[in-house]
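Colleague: I am attaching a structure below and will ask some questions about it afterwards.
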Amino acid sequence: MKLIIAIVNNDDSAIVSASLTTAGYYTTKLSTTGGFLQTGNTTLLIGADDTEVDNVISVIKEHSSTRVKEVPTNASFGRGISAADVKAKAHVSGATIFVLSVDAFEKL
């Protein structure tokens with residue numbers, strides 16, 4: 001048994017979660033914040049048999065994408081320009097996935 005922890009971009013979380021449910025996987029959804037941009041993410045906890053891990057990952061990969069986002073920067077502070085005036089481009093990943101072994105699992 002494996003526990004798959006998928007940290008998914010908020011822009012993709014609804015379709016990823018729905019696709020996993022359609023494929024027959026149960027998920028627990030947590031709202032999280034982190035990463036370089038300190039933006040909102042969705043962390044999905046998915047339990048799966050060892051043989052199903054690749055399938056779960058492929059569903060997540062199919063419905064999440066890397067994108068470029070413009071974000072405010074503080075590079076101009078002290079020059080009379082506000083942070084909202086200067087944007088930087090940052091690559092945002094669609095998902096980060098961890099797979100952990102589970103010693104015991106019980107659904108009550």
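Order determines the names: the first chain of the structure tokens is A, the second B, and so forth; residues in each chain are numbered 1 upward, and ligands are numbered 1 upward as they are shown.
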Write out as a PDB file with N, CA and C atoms, in the first residue's frame each polymer residue whose atoms come within 7 Å of region 15-28 of chain A, counting only C-alpha atoms; drop sequence neighbours fewer than 6 positions from it.

Modeller:
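Saved the output as selection-v3.pdb:
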ATOM      1  N   LEU A  44      -3.399  16.803  -2.117  1.00  0.00           N
ATOM      2  CA  LEU A  44      -4.282  15.644  -2.166  1.00  0.00           C
ATOM      3  C   LEU A  44      -3.576  14.452  -1.537  1.00  0.00           C
ATOM      4  N   LEU A  45      -4.267  13.762  -0.649  1.00  0.00           N
ATOM      5  CA  LEU A  45      -3.769  12.527  -0.064  1.00  0.00           C
ATOM      6  C   LEU A  45      -4.542  11.388  -0.705  1.00  0.00           C
ATOM      7  N   ILE A  46      -3.820  10.442  -1.318  1.00  0.00           N
ATOM      8  CA  ILE A  46      -4.457   9.361  -2.064  1.00  0.00           C
ATOM      9  C   ILE A  46      -3.842   8.044  -1.613  1.00  0.00           C
ATOM     10  N   VAL A  59      -2.827  10.065 -14.077  1.00  0.00           N
ATOM     11  CA  VAL A  59      -4.046  10.888 -14.024  1.00  0.00           C
ATOM     12  C   VAL A  59      -3.685  12.305 -13.578  1.00  0.00           C
ATOM     13  N   ILE A  60      -2.855  12.414 -12.554  1.00  0.00           N
ATOM     14  CA  ILE A  60      -2.442  13.738 -12.068  1.00  0.00           C
ATOM     15  C   ILE A  60      -1.674  14.480 -13.158  1.00  0.00           C
ATOM     16  N   HIS A  63      -3.794  15.976 -16.013  1.00  0.00           N
ATOM     17  CA  HIS A  63      -4.692  17.091 -15.717  1.00  0.00           C
ATOM     18  C   HIS A  63      -4.038  18.247 -14.966  1.00  0.00           C
ATOM     19  N   SER A  64      -2.729  18.265 -14.889  1.00  0.00           N
ATOM     20  CA  SER A  64      -2.025  19.400 -14.286  1.00  0.00           C
ATOM     21  C   SER A  64      -0.933  19.835 -15.245  1.00  0.00           C
TER      22      SER A  64
END

Colleague: Might you pull out every residue within 7 Å of region 2-10 of chain A, with only C-alpha atoms counted and same-chain residues fewer than 4 positions away left off, and present them as JSON, numbers by chain?

Modeller: {"A": [40, 41, 42, 43, 44, 45, 46, 47, 48, 49, 50, 94, 95, 96, 97, 98, 99, 100, 101, 102]}

Colleague: Give me, please, the distance in Å between CA of Lys29 (chain A) and CA of Ala104 (chain A), quoted to one decimal.

Modeller: 20.7 Å

Colleague: Ranking A:Glu52, A:Thr32, A:Lys87, A:Ser93 by minimum distance to Thr66 (chain A) and counting only C-alpha atoms, which one comes first?

Modeller: A:Ser93

Colleague: What is the distance, in Å and to one decimal place, between CA of Val53 (chain A) and CA of Ser13 (chain A)?

Modeller: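 It comes out at 18.5 Å.
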
Colleague: Would you mind telling me which residue in A:Asp12, A:Ala88, A:Glu106, A:Thr33 lies nearest to Lys61 (chain A) when using only C-alpha atoms?

Modeller: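 Smallest separation from Lys61 (chain A) among the options: A:Asp12.
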